[in-house]
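Have a look at the structure below, then the notes.
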Amino acid sequence: MSRTSVYSADWVLPVDGDPVADGAVAVEDGRIAAVGTAEELGEGERFAEAVIVPGLVNAHSHLEYAVYAGFGDGLAFGPWIRLHIERKVRLEWPDHMAVARLGAAECLRSGVTTIADASYSGAAAVAAGELGLSGIVYLEVFGSDPARAEELRERLAALERERGELVSLGVSPHAPYSVSPALYAAVYALGRPVATHVAESDDELDYLLRGEGPIAAVSEVDPPGTTSVRHLAAESLLGAHVVAAHCVKVDAAEIALLAEHDVAVAHCPRSNALLGCGIAPLGELRAAGLRIGLGTDSPASTPSFDMFEEMRTAVYAARARERRPDALLASEALELATLGGAGALGLGDEVGSLAPGKRADLAVVSLAGSPYLPWEDPAVAVVFGGGPDRVLLTLVAGEARYEKGGFEWRKLRLSAASARARLLSEAPVAPKT
């Protein structure tokens, strides 16, 4: 039997249409049945002084690093990444699961309903499924030997039996400085969606161009003598199935190459800022017509999975870089965090906006007590005034996956804190091959 629920608030922001004052969303069998006014659809469950937005799409995350906050703060990119490589091998599967569960819960608390997660162990796929989070989990691979693609195939097959119903699996050859072209090609041949780190830092450039710098100590890949984008293009490793995370260090010719091959970009402004990598040329990437989503990266390089803070930082960075207050508007930042991310992941027909027929993924955000009431512009209010503590409800496929005050946070955090303690242990661990 069909089940219809209605959720109403002061505003509904469909993203692909005009804001609806005193709006409502009707949900039936996990899908959006209608969007309109509360007068038209009924009030149903009413949220006063609140706004309903599409479920946020985190276009680049690492759930399994949810307790890595503060590790190596202030280090240059190369030493920072080496520290994380050395520490994460100390964890076993139960540790990865404990951390990934906390990461998934924190995403839902931030109104995130869809993730594009680069996963070291695969635990993110299982944890996301357990908590009802949807998205693509990309299994990471490193090294130069193309035989590792077969190992990856076996890991994917095992995870297919454990992943959540709303989780699909992809592959993540880590980066051009950590994965050889032969391994990239072998991984692509698996026919999965791809996420990879591209043009993130000066340390990356130093290694790729000259074989120099701190990355030389951790890479087993020969430097190609050119930049990430040019290298991937020369090896025929760019395409519409690829999400390139970061793209900070790209010039006009490289942006044109990304656009020519319809590569999607995951923009992570907080991570880029805190690691001292720079400010990605968002305006130029948008002008080139690239599919762009917004990603939090992970607490290894940013404080949280807070997509509201990511939207704000995207606005700050774009306006500072271009020295224009209209370089990125609040409504445009919200689009990057919803429909933009969905399009980047190839999921735009399913999620990212509030439209009849799409999956009923939405978040209810309270602005009660904020300086943005009474309302002037609801998009400005939610982007600059929103935050995880203001999310009242997160629906995924019509099911309440987070309600304010829900989750056994104490248990989740204690389990994850135990894993963090292992990360900080001084006990030596042999690196895993």
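Just so we're on the same page: first chain in the structure tokens is A, next is B, and so on; residues restart at 1 for each chain, and ligands are numbered from 1 in the order they show up.
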message: I want to know what sits within 8 Å of stretch 7-22 of chain A, based on only C-alpha atoms, with residues of the same chain fewer than 3 positions away left out; could you give that as a ChimeraX atom specification?
response: /A:25-26,36-38,42-54,331,334-335,338-339,352-355,378-379
- prompt: Where in stretch 115-332 of chain A does DSSP assign helix (DSSP H, G or I), given as JSON, numbers by chain?
  reply: {"A": [123, 124, 125, 126, 127, 128, 129, 130, 131, 148, 149, 150, 151, 152, 153, 154, 155, 156, 157, 158, 159, 160, 181, 182, 183, 184, 185, 186, 187, 188, 202, 203, 204, 205, 206, 207, 208, 209, 210, 214, 215, 216, 217, 228, 229, 230, 231, 232, 233, 234, 252, 253, 254, 255, 256, 257, 258, 259, 260, 269, 270, 271, 272, 273, 274, 282, 283, 284, 285, 286, 287, 307, 308, 309, 310, 311, 312, 313, 314, 315, 316, 317, 318, 319, 320, 321, 322, 330, 331, 332]}
- prompt: Of the candidates A:Glu408, A:Glu310, A:Asp377, A:Asp262, which shows the shortest atom-to-atom distance to A:Gly343, using only C-alpha atoms?
  reply: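 Comparing A:Glu408, A:Glu310, A:Asp377, A:Asp262 against A:Gly343, the winner is A:Asp262.
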query: Near A:Ala273, counting only C-alpha atoms, which residues have an atom at most 12 Å away, once you skip same-chain residues fewer than 6 positions from it, shown as a ChimeraX atom specification?
result: /A:73-74,77,200-201,246,248,267,279-280,296-297,301-303,310,313-314,316-317
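Comparing the minimum interatomic distances between A:Glu160 and each of A:Gly211, A:Gly122, A:Pro176, A:Pro146, counting only C-alpha atoms, we find that A:Gly122 sits nearest.
For A:Ala124, the non-local neighbours within 9 Å, defined as residues at least 2 positions apart in the same chain or in other chains and counting only C-alpha atoms, are His62, Leu63, Glu64, His96, Met97, Val99, Ala100, Arg101, Gly103, Ala104, Asp117, Ala118, Ser119, Tyr120, Ser121, Gly122, Val126, Ala127, Ala128, Gly129, Val137 and Arg163 of chain A.
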For the residues in that selection, give me N, CA, C and O atoms as a CSV table (one decimal), in the first residue's frame.
chain,number,residue,atom,x,y,z
A,62,HIS,N,36.0,11.1,3.0
A,62,HIS,CA,36.7,9.9,3.5
A,62,HIS,C,36.1,9.6,4.8
A,62,HIS,O,36.6,10.1,5.9
A,63,LEU,N,35.1,8.8,4.9
A,63,LEU,CA,34.4,8.5,6.1
A,63,LEU,C,35.4,7.8,7.1
A,63,LEU,O,35.3,8.0,8.3
A,64,GLU,N,36.3,7.0,6.6
A,64,GLU,CA,37.2,6.3,7.4
A,64,GLU,C,38.3,7.1,8.1
A,64,GLU,O,39.1,6.6,8.9
A,96,HIS,N,38.3,0.4,11.5
A,96,HIS,CA,37.8,1.1,10.3
A,96,HIS,C,36.3,1.2,10.3
A,96,HIS,O,35.7,2.3,10.0
A,97,MET,N,35.6,0.2,10.7
A,97,MET,CA,34.2,0.2,10.8
A,97,MET,C,33.7,1.2,11.8
A,97,MET,O,32.7,2.0,11.6
A,99,VAL,N,35.1,3.9,12.9
A,99,VAL,CA,35.4,5.2,12.4
A,99,VAL,C,34.4,5.6,11.3
A,99,VAL,O,33.8,6.7,11.3
A,100,ALA,N,34.2,4.7,10.4
A,100,ALA,CA,33.3,4.9,9.2
A,100,ALA,C,31.9,5.1,9.7
A,100,ALA,O,31.1,6.0,9.1
A,101,ARG,N,31.4,4.4,10.7
A,101,ARG,CA,30.1,4.6,11.2
A,101,ARG,C,29.9,6.0,11.8
A,101,ARG,O,28.9,6.7,11.5
A,103,GLY,N,31.7,8.6,10.8
A,103,GLY,CA,31.7,9.5,9.7
A,103,GLY,C,30.3,9.6,9.0
A,103,GLY,O,29.9,10.6,8.6
A,104,ALA,N,29.7,8.4,8.8
A,104,ALA,CA,28.4,8.4,8.2
A,104,ALA,C,27.4,9.1,9.0
A,104,ALA,O,26.5,9.8,8.4
A,117,ASP,N,32.7,8.7,-1.7
A,117,ASP,CA,33.7,8.5,-0.6
A,117,ASP,C,34.9,7.7,-1.2
A,117,ASP,O,34.7,6.6,-1.7
A,118,ALA,N,36.1,8.2,-0.9
A,118,ALA,CA,37.3,7.4,-1.3
A,118,ALA,C,37.7,6.6,-0.1
A,118,ALA,O,38.0,7.1,1.0
A,119,SER,N,37.6,5.3,-0.2
A,119,SER,CA,37.7,4.4,0.9
A,119,SER,C,39.0,3.5,0.9
A,119,SER,O,39.2,2.8,-0.1
A,120,TYR,N,39.7,3.6,1.9
A,120,TYR,CA,41.0,2.8,2.1
A,120,TYR,C,40.7,1.4,2.3
A,120,TYR,O,41.3,0.5,1.7
A,121,SER,N,39.7,1.1,3.2
A,121,SER,CA,39.5,-0.3,3.6
A,121,SER,C,38.2,-0.9,3.0
A,121,SER,O,38.1,-2.2,3.0
A,122,GLY,N,37.3,-0.1,2.6
A,122,GLY,CA,36.0,-0.6,2.2
A,122,GLY,C,34.9,-0.5,3.2
A,122,GLY,O,33.7,-0.7,3.0
A,126,VAL,N,30.1,-0.4,3.9
A,126,VAL,CA,29.3,-1.2,4.8
A,126,VAL,C,28.6,-0.2,5.8
A,126,VAL,O,27.4,-0.3,6.1
A,127,ALA,N,29.4,0.7,6.3
A,127,ALA,CA,28.8,1.7,7.3
A,127,ALA,C,27.7,2.5,6.7
A,127,ALA,O,26.7,2.8,7.4
A,128,ALA,N,28.0,3.0,5.5
A,128,ALA,CA,26.9,3.8,4.9
A,128,ALA,C,25.6,3.1,4.7
A,128,ALA,O,24.6,3.6,5.0
A,129,GLY,N,25.8,1.8,4.3
A,129,GLY,CA,24.6,1.0,4.2
A,129,GLY,C,23.9,0.8,5.5
A,129,GLY,O,22.6,0.8,5.6
A,137,VAL,N,30.9,4.6,-3.2
A,137,VAL,CA,32.2,4.4,-2.4
A,137,VAL,C,33.2,3.8,-3.3
A,137,VAL,O,33.0,2.8,-3.9
A,163,ARG,N,27.6,-4.2,0.9
A,163,ARG,CA,27.3,-2.8,0.7
A,163,ARG,C,25.8,-2.6,0.9
A,163,ARG,O,25.0,-3.5,0.8
- request: Based on DSSP run over this structure's backbone, return all residues of stretch 146-372 of chain A in strand (DSSP E), as a PyMOL selection string.
  value: chain A and resi 167-173+194-198+242-246+264-267+292-294+362-366
Report as a PDB file with all heavy atoms, in the first residue's frame all protein, DNA and RNA residues lying within 8 Å of A:Asp202, evaluated on only C-alpha atoms, omitting residues in the same chain fewer than 2 positions from it.
ATOM      1  N   GLU A 200      46.594  18.789  -6.633  1.00  0.00           N
ATOM      2  CA  GLU A 200      46.203  19.286  -5.322  1.00  0.00           C
ATOM      3  C   GLU A 200      47.206  20.236  -4.702  1.00  0.00           C
ATOM      4  O   GLU A 200      46.814  21.188  -4.025  1.00  0.00           O
ATOM      5  CB  GLU A 200      45.968  18.099  -4.381  1.00  0.00           C
ATOM      6  CG  GLU A 200      45.409  18.466  -3.023  1.00  0.00           C
ATOM      7  CD  GLU A 200      45.055  17.264  -2.172  1.00  0.00           C
ATOM      8  OE1 GLU A 200      45.249  16.113  -2.631  1.00  0.00           O
ATOM      9  OE2 GLU A 200      44.561  17.463  -1.047  1.00  0.00           O
ATOM     10  N   GLU A 204      53.019  17.976  -4.947  1.00  0.00           N
ATOM     11  CA  GLU A 204      52.674  17.096  -6.063  1.00  0.00           C
ATOM     12  C   GLU A 204      53.378  17.545  -7.340  1.00  0.00           C
ATOM     13  O   GLU A 204      53.962  16.732  -8.068  1.00  0.00           O
ATOM     14  CB  GLU A 204      51.158  17.089  -6.257  1.00  0.00           C
ATOM     15  CG  GLU A 204      50.656  16.274  -7.432  1.00  0.00           C
ATOM     16  CD  GLU A 204      49.136  16.306  -7.557  1.00  0.00           C
ATOM     17  OE1 GLU A 204      48.454  16.598  -6.554  1.00  0.00           O
ATOM     18  OE2 GLU A 204      48.637  16.020  -8.659  1.00  0.00           O
ATOM     19  N   LEU A 205      53.336  18.840  -7.606  1.00  0.00           N
ATOM     20  CA  LEU A 205      54.000  19.370  -8.801  1.00  0.00           C
ATOM     21  C   LEU A 205      55.505  19.129  -8.753  1.00  0.00           C
ATOM     22  O   LEU A 205      56.120  18.744  -9.763  1.00  0.00           O
ATOM     23  CB  LEU A 205      53.720  20.874  -8.930  1.00  0.00           C
ATOM     24  CG  LEU A 205      52.355  21.279  -9.492  1.00  0.00           C
ATOM     25  CD1 LEU A 205      52.209  22.794  -9.427  1.00  0.00           C
ATOM     26  CD2 LEU A 205      52.208  20.807 -10.932  1.00  0.00           C
ATOM     27  N   ASP A 206      56.107  19.358  -7.605  1.00  0.00           N
ATOM     28  CA  ASP A 206      57.553  19.157  -7.473  1.00  0.00           C
ATOM     29  C   ASP A 206      57.937  17.727  -7.828  1.00  0.00           C
ATOM     30  O   ASP A 206      58.954  17.491  -8.493  1.00  0.00           O
ATOM     31  CB  ASP A 206      58.009  19.460  -6.044  1.00  0.00           C
ATOM     32  CG  ASP A 206      58.049  20.943  -5.734  1.00  0.00           C
ATOM     33  OD1 ASP A 206      58.007  21.752  -6.680  1.00  0.00           O
ATOM     34  OD2 ASP A 206      58.103  21.292  -4.534  1.00  0.00           O
ATOM     35  N   LYS A 249      45.867  23.273  -8.644  1.00  0.00           N
ATOM     36  CA  LYS A 249      47.011  23.713  -9.438  1.00  0.00           C
ATOM     37  C   LYS A 249      46.771  23.412 -10.914  1.00  0.00           C
ATOM     38  O   LYS A 249      47.427  22.577 -11.527  1.00  0.00           O
ATOM     39  CB  LYS A 249      48.286  23.018  -8.950  1.00  0.00           C
ATOM     40  CG  LYS A 249      48.550  23.172  -7.451  1.00  0.00           C
ATOM     41  CD  LYS A 249      48.853  24.612  -7.087  1.00  0.00           C
ATOM     42  CE  LYS A 249      49.134  24.763  -5.605  1.00  0.00           C
ATOM     43  NZ  LYS A 249      49.470  26.155  -5.247  1.00  0.00           N
ATOM     44  N   CYS A 277      47.374  24.437   0.327  1.00  0.00           N
ATOM     45  CA  CYS A 277      47.512  24.113  -1.094  1.00  0.00           C
ATOM     46  C   CYS A 277      47.122  25.278  -2.001  1.00  0.00           C
ATOM     47  O   CYS A 277      47.593  25.372  -3.137  1.00  0.00           O
ATOM     48  CB  CYS A 277      46.653  22.897  -1.437  1.00  0.00           C
ATOM     49  SG  CYS A 277      47.197  21.371  -0.641  1.00  0.00           S
TER      50      CYS A 277
END
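For the pair atom CA of A:Ala147 and atom CA of A:Ser228, the separation is 22.6 Å.
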task: Excluding A:Ser418 and any residue of its chain fewer than 3 positions from it, enumerate the residues within 10 Å of it, using only C-alpha atoms, and give them as number ranges by chain.
output: A: 67, 95, 98-99, 413-415, 421-423
Requested write-out: C-alpha atoms of the selected residues, as a PDB file, in the first residue's frame:
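Written output follows (part-v3.pdb):
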ATOM      1  CA  VAL A  67      38.852  10.646  13.798  1.00  0.00           C
ATOM      2  CA  ASP A  95      38.541   0.012  13.836  1.00  0.00           C
ATOM      3  CA  ALA A  98      33.890   2.152  14.046  1.00  0.00           C
ATOM      4  CA  VAL A  99      35.375   5.248  12.433  1.00  0.00           C
ATOM      5  CA  ARG A 413      32.175   8.329  19.580  1.00  0.00           C
ATOM      6  CA  LEU A 414      33.666   6.025  22.194  1.00  0.00           C
ATOM      7  CA  SER A 415      34.216   3.276  19.619  1.00  0.00           C
ATOM      8  CA  ALA A 421      44.014   5.900  20.252  1.00  0.00           C
ATOM      9  CA  ARG A 422      45.433   3.080  18.140  1.00  0.00           C
ATOM     10  CA  LEU A 423      46.378   5.590  15.440  1.00  0.00           C
TER      11      LEU A 423
END
- request: Pick out the closest residue to A:Arg148 from this set: A:Val167, A:Leu393, A:Ala417, A:Ala186. Count only C-alpha atoms.
  value: A:Ala186
For A:Ala259: contacts at 12 Å, only C-alpha atoms, fewer than 6 positions along chain excluded, given as a short mmCIF file (atom, residue, chain, number, x, y, z; two decimals) with N, CA and C atoms, in the first residue's frame:
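Output file result_25.cif is given in full below:
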data_model
loop_
_atom_site.label_atom_id
_atom_site.label_comp_id
_atom_site.auth_asym_id
_atom_site.auth_seq_id
_atom_site.Cartn_x
_atom_site.Cartn_y
_atom_site.Cartn_z
N VAL A 229 47.20 16.79 -14.86
CA VAL A 229 46.18 16.80 -15.91
C VAL A 229 46.80 16.45 -17.25
N ALA A 233 45.91 13.12 -19.42
CA ALA A 233 45.41 13.29 -20.79
C ALA A 233 46.28 12.52 -21.79
N LEU A 238 41.58 10.47 -18.96
CA LEU A 238 40.53 11.43 -18.61
C LEU A 238 39.23 11.00 -19.29
N GLY A 239 38.10 11.23 -18.62
CA GLY A 239 36.83 10.88 -19.22
C GLY A 239 35.67 11.27 -18.35
N ALA A 240 34.47 11.11 -18.87
CA ALA A 240 33.26 11.53 -18.16
C ALA A 240 32.98 10.67 -16.93
N VAL A 242 35.17 10.03 -14.70
CA VAL A 242 36.19 10.39 -13.72
C VAL A 242 35.76 11.62 -12.93
N ALA A 244 37.56 14.25 -10.55
CA ALA A 244 38.88 14.72 -10.15
C ALA A 244 38.74 15.60 -8.91
N ALA A 252 44.94 27.41 -17.57
CA ALA A 252 43.85 27.51 -18.54
C ALA A 252 43.83 26.33 -19.50
N ALA A 253 45.02 25.90 -19.94
CA ALA A 253 45.08 24.78 -20.88
C ALA A 253 44.60 23.49 -20.22
N VAL A 265 34.58 17.64 -11.38
CA VAL A 265 35.51 18.16 -10.37
C VAL A 265 34.82 18.21 -9.01
N GLU A 284 36.90 29.92 -13.05
CA GLU A 284 37.34 29.46 -14.36
C GLU A 284 36.80 28.06 -14.67
N LEU A 285 36.75 27.20 -13.66
CA LEU A 285 36.20 25.86 -13.85
C LEU A 285 34.72 25.93 -14.21
N ARG A 286 33.99 26.79 -13.53
CA ARG A 286 32.56 26.94 -13.84
C ARG A 286 32.36 27.54 -15.22
N ALA A 287 33.18 28.52 -15.57
CA ALA A 287 33.06 29.16 -16.88
C ALA A 287 33.33 28.18 -18.01
N ALA A 288 34.17 27.18 -17.74
CA ALA A 288 34.48 26.17 -18.77
C ALA A 288 33.38 25.15 -18.93
N GLY A 289 32.36 25.22 -18.09
CA GLY A 289 31.22 24.32 -18.21
C GLY A 289 31.42 22.96 -17.56
N LEU A 290 32.41 22.85 -16.67
CA LEU A 290 32.66 21.59 -16.00
C LEU A 290 31.55 21.25 -15.00
N ARG A 291 31.31 19.98 -14.80
CA ARG A 291 30.41 19.51 -13.76
C ARG A 291 31.17 19.59 -12.43
N ILE A 292 30.64 20.34 -11.48
CA ILE A 292 31.37 20.61 -10.24
C ILE A 292 30.47 20.35 -9.04
#
